[in-house]
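Notes for the one structure printed next.
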Amino acid sequence: MVRGVVEGFYGRPYEGGRRSILLRLLSQLDDPAYIYAPKNDTFHRLRWREDYPMESWRLLQNDIHQAADSGICFIFGISPWGFRDGEHPVLQRKARTAMEAGASGVAVLFDDIPQRADPELARRQLTLVGEALEGLGGRVFLCPSLYCNELLVRHGGDEYLAAWSENVHPEWTSMWTGREVVSRRLDIDSLDEAAGLLGGRPAIWDNFLADDYCLRRVYLSELDQRIPADLEYFLNPSECFPAALYGVRSLITATGARCPWPGELGTLPDAWEVLAGFHHTPWSTAGIASEMINGLLGAFNRGPDAGLLAGLEETRRLMYRFLDDLEGIPWGWELAPYVRDLVRMLGWWLEILMLSSRSERTSRLRHLMFRRLPFDHPLASMTAELAGSHQKGDS
C-alpha cells in the first residue's frame with residue numbers, strides 16, 4: 001500500500017532541484033510514491049496534447065530515474081483539459097512516453113474542469129482512459145470531477161458518480177479529498193461512503209497542508225492519526241518549498257517510520273516548532289503559540305507579567321535567528337515572509353504591552369494595524385468586516 005506526495009497544487013512546480021531533494025527525503029517512507037501533477041505545468045494540463053520541450057523532459061526523466069533508484073513509485077500525471085472524444089491516441093502517446101522513461105504508472109486527472117459533471121461526462125472520461133491505457137501496464141490513478149462530498153452537494157453530482165462507479169475499471173484507483181476540498185479530518189464513515197460512490201476504495205488526496213487556497217499562509221501541522229490505516233494516501237504539500245519539506249517529514253513520522261531531523265530544514269528545530277504552532281491549521285494554533293495567545297489576551301486587559309514579556313522577547317530572538325538560518329535551507333527565503341510576519345507581530349506586542357493602560361494599548365494597536373501601514377489586503381479587510389457585521393446581525 002503506497003503512501004506519499006502528490007505535487008498537485010496551483011503555483012510554481014518544484015523545479016530547479018527542489019523535486020530531487022523532496023524525493024530523497026520521501027525515500028525514507030515504506031512503499032513511497034510520488035504523483036507528478038502540478039496544475040500550472042502547462043504541458044500537464046492546458047497544453048497536455050503537446051510533448052514536453054526537450055530540456056524540460058530531460059529534467060523530468062532525471063526525477064523519474066531518481067525515484068526508481070530510490071524505490072519510489074513515480075506516477076506520471078496528465079490532466080486532459082477540454083479533451084474531445086476520439087483523442088485517446090494523444091493521451092496514450094503521452095502516457096506511453098512516461099512509462100518508457102521509467103514511470104510506475106499514470107494518473108489521469110479530471111478535477112477542477114469547467115464541464116458540467118453529468119453521467120455522460122463520467123462515461124466519456126472513463127472511455128478516454130480505458131482506450132488510452134489499454135495494455136499499458138502499471139498503476140492507474142484517477143481523479144473524478146467531483147472528488148469530495150462538498151462538491152457532490154454543491155453540484156448535485158449523484159448521477160455523475162453513479163455513472164463513474166458503474167464504468168470505472170476495478171483495478172483503477174479513484175482519488176478523494178474527504179468530506180471537503182480541505183477536510184479538517186478524514187473520518188472513517190466519510191471514506192466508507194466514498195468507496196460506495198466511487199466503485200472501490202479510494203486513495204486519499206489530502207489538501208490539509210496545501211496553501212494555494214488561502215491568503216498569505218502556510219500550514220505546518222503534524223499528520224499524526226490523520227492517515228487512514230487501510231487506504232493509500234497522498235499529501236498535497238505547500239508550494240513554499242521549505243514548508244513542503246517540513247510536511248513530508250510530518251508524513252514520514254506519522255506513518256511510524258524513523259526520520260532524523262533533516263539537514264535541509266536547517267539547524268533550529270525549536271524555531272520550526274514555534275512557526276508550526278502559529279501556522280498549525282487554517283482553524284487552530286498549537287503548542288507555544290496557543291499558550292502565548294492566551295497570555296496576550298489576558299495581558300492586554302490587565303497588563304503583562306515578567307514571564308510573558310521574557311517569553312515574547314526570547315521567542316522574537318529565536319525567530320530573528322531563524323531568518324538568518326534560512327540562508328542555509330534550500331530555497332529557504334520562500335519561508336521568510338511568514339517568519340518576518342511573526343517577528344513583526346511579536347515586536348508589536350512587546351511595544352503594546354509596555355503601555356500603562358488598556359486604552360493606550362488599544363489606540364496603539366489600531367494605529368499599527370490600520371493606520372501606520374495597514375496590515376491586511378484591503379479586499380480581505382472589507383470581506384472580514386462584512387462577515388463580522390453579518391454575524392452580529394444574525395445573533
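Every chain in the C-alpha cells takes a letter, A first, then B, and so on in the order presented; its residues are numbered from 1, and the ligands are numbered from 1 following the presented order.
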Practice prompt. Please give the complete set of residues from range 97-281 of chain A that DSSP, run on the backbone, assigns to alpha helix (DSSP H), formatted as a ChimeraX atom specification.
Written response: /A:97-100,119-133,149-155,158-167,188-198,241-254,269-278
Worksheet item: Counting only C-alpha atoms, what is within 7 Å of Gly11 in chain A, bar same-chain residues fewer than 2 positions away, as a ChimeraX atom specification?
Response: /A:9,13,40,239
Export of prior selection with N, CA and C atoms as a compact mmCIF listing (two decimals), in the first residue's frame:
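Result file part33.txt:
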```
# COMPACT_ATOMS: atom_id res chain seq x y z
N PHE A 9 -0.63 21.05 -6.61
CA PHE A 9 -1.12 22.38 -6.25
C PHE A 9 -1.09 23.35 -7.44
N PRO A 13 5.75 24.73 -10.12
CA PRO A 13 6.17 23.35 -9.83
C PRO A 13 7.53 23.33 -9.14
N ASN A 40 -0.01 24.04 -12.71
CA ASN A 40 0.50 25.10 -13.60
C ASN A 40 1.69 24.66 -14.44
N GLU A 239 3.31 25.01 -1.85
CA GLU A 239 4.19 25.49 -2.91
C GLU A 239 5.48 26.03 -2.32
```
Worksheet entry | Picked from range 144-351 of chain A by DSSP as strand (DSSP E), as number ranges by chain | A: 173-176, 203-206, 233-235
Writer output for current selection, C-alpha atoms, as an mmCIF file, in the first residue's frame:
```cif
data_model
loop_
_atom_site.group_PDB
_atom_site.id
_atom_site.type_symbol
_atom_site.label_atom_id
_atom_site.label_comp_id
_atom_site.auth_asym_id
_atom_site.auth_seq_id
_atom_site.Cartn_x
_atom_site.Cartn_y
_atom_site.Cartn_z
ATOM 1 C CA THR A 173 -7.903 3.728 -8.061
ATOM 2 C CA SER A 174 -10.024 6.879 -7.759
ATOM 3 C CA MET A 175 -8.879 9.763 -5.568
ATOM 4 C CA TRP A 176 -10.917 11.531 -2.874
ATOM 5 C CA ALA A 203 -6.807 6.823 -2.407
ATOM 6 C CA ILE A 204 -6.705 9.968 -0.291
ATOM 7 C CA TRP A 205 -5.595 13.224 -1.921
ATOM 8 C CA ASP A 206 -5.053 15.336 1.195
ATOM 9 C CA TYR A 233 -2.584 8.330 0.936
ATOM 10 C CA PHE A 234 -1.020 11.283 -0.878
ATOM 11 C CA LEU A 235 -0.201 14.612 0.755
#
```
Practice prompt. Rank nothing, just name the residue among A:Leu335, A:Leu368, A:Leu23, A:Met54 nearest to Glu351 in chain A, using only C-alpha atoms.
Written response: A:Leu368
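Interatomic distance, CA of Phe278 in chain A against CA of Gly332 in chain A: 18.2 Å.
With CA of Tyr34 in chain A on one side and CA of Val5 in chain A on the other, the separation reads 5.0 Å.
By only C-alpha atoms, and with residues fewer than 2 positions from Pro32 in chain A along its chain excluded, the set lying at most 8 Å from it is A:Val2, A:Arg3, A:Gly4, A:Leu26, A:Ser27, A:Gln28, A:Leu29, A:Asp30, A:Tyr34, A:Gly71, A:Ile72, A:Cys73.
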Worksheet item: Hey, what's within 9 Å of Pro282 in chain A if we count only C-alpha atoms and toss same-chain stuff fewer than 3 positions away? As number ranges by chain, please?
Response: A: 184, 208-209, 214, 217-219, 279, 285
Item to complete: For Asn207 in chain A, please output as number ranges by chain all residues within 8 Å (counting only C-alpha atoms; exclusion window: fewer than 6 positions along the same chain).
Response: A: 177, 181-183, 235-237
Please dump the current selection as an mmCIF file, in the first residue's frame; keep N, CA and C atoms.
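Once written, selection_30.cif looks like this:
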```cif
data_model
loop_
_atom_site.group_PDB
_atom_site.id
_atom_site.type_symbol
_atom_site.label_atom_id
_atom_site.label_comp_id
_atom_site.auth_asym_id
_atom_site.auth_seq_id
_atom_site.Cartn_x
_atom_site.Cartn_y
_atom_site.Cartn_z
ATOM 1 N N THR A 177 -10.804 13.613 -1.576
ATOM 2 C CA THR A 177 -10.205 14.510 -0.583
ATOM 3 C C THR A 177 -10.924 14.486 0.759
ATOM 4 N N VAL A 181 -13.077 19.862 0.201
ATOM 5 C CA VAL A 181 -11.855 20.024 -0.596
ATOM 6 C C VAL A 181 -10.645 20.047 0.329
ATOM 7 N N VAL A 182 -10.777 20.766 1.448
ATOM 8 C CA VAL A 182 -9.764 20.758 2.509
ATOM 9 C C VAL A 182 -10.469 20.227 3.758
ATOM 10 N N SER A 183 -10.277 18.969 4.057
ATOM 11 C CA SER A 183 -11.026 18.320 5.136
ATOM 12 C C SER A 183 -10.308 18.499 6.473
ATOM 13 N N LEU A 235 -0.166 13.255 0.215
ATOM 14 C CA LEU A 235 -0.201 14.612 0.755
ATOM 15 C C LEU A 235 0.084 15.604 -0.364
ATOM 16 N N ASN A 236 -0.827 16.554 -0.564
ATOM 17 C CA ASN A 236 -0.592 17.666 -1.484
ATOM 18 C C ASN A 236 0.042 18.791 -0.672
ATOM 19 N N PRO A 237 1.329 19.062 -0.840
ATOM 20 C CA PRO A 237 2.022 19.969 0.081
ATOM 21 C C PRO A 237 1.975 21.421 -0.365
#
```
